Amino acid sequence: MRLKLIEKHRSFGGEQCKYTHYSEVLQCEMTFSIYLPSNKDVKKIPLIWWLSGLTCTDDNFSQKSGFQRLAEKYQVAVIIPDTSPRGEHVADDDGWDLGQGAGFYLNATQDPWAKHYHMYTYIVVELTAIAQTLVPYFSGEESIMGHSMGGHGALVIGMKNGTRFKAISAFSPILSPGRVPWGIKAFSTYLGGDQAAWNEWDASELIKEAGMPPILITQGTEDHFYPEQLDETHFLKNAQENNQVVHYEKSEGYDHSYFFIATFLEDHFSFHMQHLR
């Protein structure tokens with residue numbers, strides 16, 4: 001595998017890096033970012049995954065959230081994948097909520113998407129193997145978080161791999177994609193018309209299974225996508241009925257932006273570190 005470092009910046013004592021590589025899973029060139037803390041005390045370093053939302057790349061979180069201060073404070077590495085496969089030969093759509101920039105962190109089964117759109121396997125298998133070689137003194141402990149479509153991805157990936165990820169958190173996540181316009185559009189396109197096949201990628205269905213990691217969700221009350229796209233009712237009902245540990249918090253007056261994320265990001269880092277160490 002050819003892994004190429006294309007950016008490296010000193011930040012809060014650690015290093016913010018950006019890499020490109022050819023993905024065998026996605027059959028295209030991919031970019032990801034990773035923050036490596038200074039590890040000045042030479043201790044074991046855990047890893048947090050951040051999954052971004054619709055139209056985003058790996059740059060949004062690294063450049064807008066200021067997370068590096070927290071990653072250095074807590075001495076944790078943070079990896080940020082892109083949100084979809086990319087390239088001229090990769091299937092796309094004219095809509096901003098489908099195609100490139102909108103991979104939905106699943107494995108597509110329908111043509112032409114099935115050739116490239118396997119973001120779930122890319123993250124859980126291929127990029128995981130890369131990450132483990134990049135984090136010095138990796139502790140083997142991981143957790144996962146995300147925003148919007150990435151919040152959906154964090155929940156789905158975290159719950160489908162509940163023994164691997166110690167905690168899950170999300171900002172403004174799509175909690176019931178099989179019931180809202182964004183998810184219905186993506187699922188019917190990527191997975192086909194059989195709605196039973198959608199349940200594998202729907203957090204509201206996965207939460208019914210036993211033994212899920214602890215979950216923290218923060219939702220702004222002035223989010224213009226709430227509640228149409230981000231309704232929590234079905235998810236929380238299923239979580240309660242199945243005795244799952246979910247902390248769902250509404251933040252008065254906050255929207256869907258990175259101003260919202262930056263405001264509550266330390267709460268999420270603190271939550272993750274309670275379970276990573």
# chains A, B, ... in the order shown; residues from 1 in each chain; ligands from 1
>>> residues_around(residues="A:Ser139", least_positions_apart="3", cutoff="6 Å", atoms="only C-alpha atoms", output="NGL selection string")
:A and (44-46)
>>> write_last_selection(atoms="N, CA, C and O atoms", output="compact mmCIF listing (two decimals), in the first residue's frame")
# COMPACT_ATOMS: atom_id res chain seq x y z
N LYS A 44 0.50 4.90 26.67
CA LYS A 44 -0.35 4.29 25.65
C LYS A 44 -1.39 5.31 25.18
O LYS A 44 -2.00 6.01 25.99
N ILE A 45 -1.59 5.38 23.86
CA ILE A 45 -2.47 6.38 23.25
C ILE A 45 -3.72 5.70 22.68
O ILE A 45 -3.61 4.84 21.80
N PRO A 46 -4.91 6.08 23.16
CA PRO A 46 -6.14 5.57 22.53
C PRO A 46 -6.47 6.37 21.27
O PRO A 46 -5.83 7.38 20.97
>>> residues_around(residues="stretch 121-123 of chain A", least_positions_apart="4", cutoff="8 Å", atoms="only C-alpha atoms", output="PDB file with N, CA, C and O atoms, in the first residue's frame")
ATOM      1  N   SER A  23      -7.328   3.195  -2.060  1.00  0.00           N
ATOM      2  CA  SER A  23      -8.149   2.256  -1.309  1.00  0.00           C
ATOM      3  C   SER A  23      -8.555   1.085  -2.182  1.00  0.00           C
ATOM      4  O   SER A  23      -9.242   1.263  -3.200  1.00  0.00           O
ATOM      5  N   VAL A  25     -10.615  -1.169  -1.131  1.00  0.00           N
ATOM      6  CA  VAL A  25     -12.034  -1.359  -0.839  1.00  0.00           C
ATOM      7  C   VAL A  25     -12.898  -0.444  -1.700  1.00  0.00           C
ATOM      8  O   VAL A  25     -13.908  -0.864  -2.273  1.00  0.00           O
ATOM      9  N   LEU A  26     -12.500   0.823  -1.806  1.00  0.00           N
ATOM     10  CA  LEU A  26     -13.303   1.813  -2.529  1.00  0.00           C
ATOM     11  C   LEU A  26     -12.895   1.965  -3.988  1.00  0.00           C
ATOM     12  O   LEU A  26     -13.602   2.614  -4.764  1.00  0.00           O
ATOM     13  N   PRO A  81     -11.767  10.327   8.611  1.00  0.00           N
ATOM     14  CA  PRO A  81     -11.892   9.884   7.216  1.00  0.00           C
ATOM     15  C   PRO A  81     -12.647  10.912   6.371  1.00  0.00           C
ATOM     16  O   PRO A  81     -13.314  11.802   6.906  1.00  0.00           O
ATOM     17  N   LEU A 106     -22.130   3.291   4.768  1.00  0.00           N
ATOM     18  CA  LEU A 106     -22.696   1.956   4.579  1.00  0.00           C
ATOM     19  C   LEU A 106     -21.987   1.258   3.427  1.00  0.00           C
ATOM     20  O   LEU A 106     -21.082   1.819   2.802  1.00  0.00           O
ATOM     21  N   ASN A 107     -22.394   0.028   3.141  1.00  0.00           N
ATOM     22  CA  ASN A 107     -21.906  -0.712   1.980  1.00  0.00           C
ATOM     23  C   ASN A 107     -23.030  -0.802   0.958  1.00  0.00           C
ATOM     24  O   ASN A 107     -24.021  -1.520   1.181  1.00  0.00           O
ATOM     25  N   LEU A 127      -9.035   1.288   6.643  1.00  0.00           N
ATOM     26  CA  LEU A 127      -8.449   2.458   7.293  1.00  0.00           C
ATOM     27  C   LEU A 127      -8.036   2.141   8.732  1.00  0.00           C
ATOM     28  O   LEU A 127      -7.080   2.728   9.244  1.00  0.00           O
ATOM     29  N   THR A 128      -8.718   1.220   9.347  1.00  0.00           N
ATOM     30  CA  THR A 128      -8.326   0.779  10.687  1.00  0.00           C
ATOM     31  C   THR A 128      -6.908   0.214  10.689  1.00  0.00           C
ATOM     32  O   THR A 128      -6.096   0.534  11.566  1.00  0.00           O
TER      33      THR A 128
END
>>> residues_around(residues="A:Thr55", least_positions_apart="5", cutoff="8 Å", atoms="only C-alpha atoms", output="ChimeraX atom specification")
/A:83,96-97,100-102
>>> write_last_selection(atoms="C-alpha atoms", output="tab-separated table (two decimals), in the first residue's frame")
chain	number	residue	atom	x	y	z
A	83	THR	CA	-17.22	11.15	3.79
A	96	TRP	CA	-25.82	17.63	-2.48
A	97	ASP	CA	-27.25	14.90	-0.24
A	100	GLN	CA	-19.74	12.09	-3.50
A	101	GLY	CA	-19.67	13.77	-0.10
A	102	ALA	CA	-22.67	11.69	1.00
>>> closest_residue(among="A:Gly162, A:Pro112, A:Gly13, A:Gly153", to="A:Glu209", atoms="only C-alpha atoms")
A:Gly162
>>> closest_residue(among="A:Ser65, A:Ser169, A:Gln219, A:Asn238", to="A:His268", atoms="only C-alpha atoms")
A:Ser169
>>> atom_distance(atom1="atom CA of A:His116", atom2="atom CA of A:Gly53")
18.6 Å
>>> closest_residue(among="A:Pro85, A:Gln110, A:Tyr120, A:Val135", to="A:Lys43", atoms="only C-alpha atoms")
A:Val135
>>> select_by_dssp(residues="stretch 45-166 of chain A", states="strand (DSSP E)", output="list in words")
Ile45, Pro46, Leu47, Ile48, Trp49, Trp50, Leu51, Ala77, Val78, Ile79, Ile80, Pro81, Phe138, Ser139, Gly140, Glu141, Glu142, Ser143, Ile144, Met145, Gly146, His147, Phe165 and Lys166 of chain A
>>> residues_around(residues="A:Ala196", least_positions_apart="6", cutoff="12 Å", atoms="only C-alpha atoms", output="mmCIF file with all heavy atoms, in the first residue's frame")
data_model
loop_
_atom_site.group_PDB
_atom_site.id
_atom_site.type_symbol
_atom_site.label_atom_id
_atom_site.label_comp_id
_atom_site.auth_asym_id
_atom_site.auth_seq_id
_atom_site.Cartn_x
_atom_site.Cartn_y
_atom_site.Cartn_z
ATOM 1 N N GLY A 178 -34.251 5.492 8.116
ATOM 2 C CA GLY A 178 -35.310 4.831 7.361
ATOM 3 C C GLY A 178 -36.647 5.523 7.435
ATOM 4 O O GLY A 178 -37.595 5.137 6.740
ATOM 5 N N PHE A 187 -30.885 5.476 1.306
ATOM 6 C CA PHE A 187 -31.063 4.028 1.441
ATOM 7 C C PHE A 187 -31.708 3.425 0.200
ATOM 8 O O PHE A 187 -31.296 2.359 -0.265
ATOM 9 C CB PHE A 187 -31.906 3.714 2.675
ATOM 10 C CG PHE A 187 -31.161 3.800 3.978
ATOM 11 C CD1 PHE A 187 -29.867 4.295 4.049
ATOM 12 C CD2 PHE A 187 -31.759 3.383 5.160
ATOM 13 C CE1 PHE A 187 -29.184 4.373 5.251
ATOM 14 C CE2 PHE A 187 -31.089 3.446 6.363
ATOM 15 C CZ PHE A 187 -29.805 3.943 6.421
ATOM 16 N N SER A 188 -32.728 4.074 -0.347
ATOM 17 C CA SER A 188 -33.387 3.536 -1.540
ATOM 18 C C SER A 188 -32.441 3.536 -2.738
ATOM 19 O O SER A 188 -32.509 2.641 -3.596
ATOM 20 C CB SER A 188 -34.658 4.329 -1.854
ATOM 21 O OG SER A 188 -34.366 5.694 -2.075
ATOM 22 N N ASP A 202 -29.587 1.289 10.261
ATOM 23 C CA ASP A 202 -30.479 2.235 10.934
ATOM 24 C C ASP A 202 -30.253 2.149 12.443
ATOM 25 O O ASP A 202 -30.500 1.110 13.060
ATOM 26 C CB ASP A 202 -31.937 1.898 10.597
ATOM 27 C CG ASP A 202 -32.911 2.988 11.015
ATOM 28 O OD1 ASP A 202 -32.767 3.511 12.138
ATOM 29 O OD2 ASP A 202 -33.820 3.309 10.224
ATOM 30 N N GLU A 205 -32.954 0.829 14.724
ATOM 31 C CA GLU A 205 -33.142 -0.619 14.734
ATOM 32 C C GLU A 205 -32.005 -1.316 15.470
ATOM 33 O O GLU A 205 -32.222 -2.257 16.245
ATOM 34 C CB GLU A 205 -33.254 -1.141 13.301
ATOM 35 C CG GLU A 205 -34.436 -0.596 12.525
ATOM 36 C CD GLU A 205 -35.768 -0.936 13.169
ATOM 37 O OE1 GLU A 205 -35.897 -2.075 13.691
ATOM 38 O OE2 GLU A 205 -36.672 -0.078 13.165
#
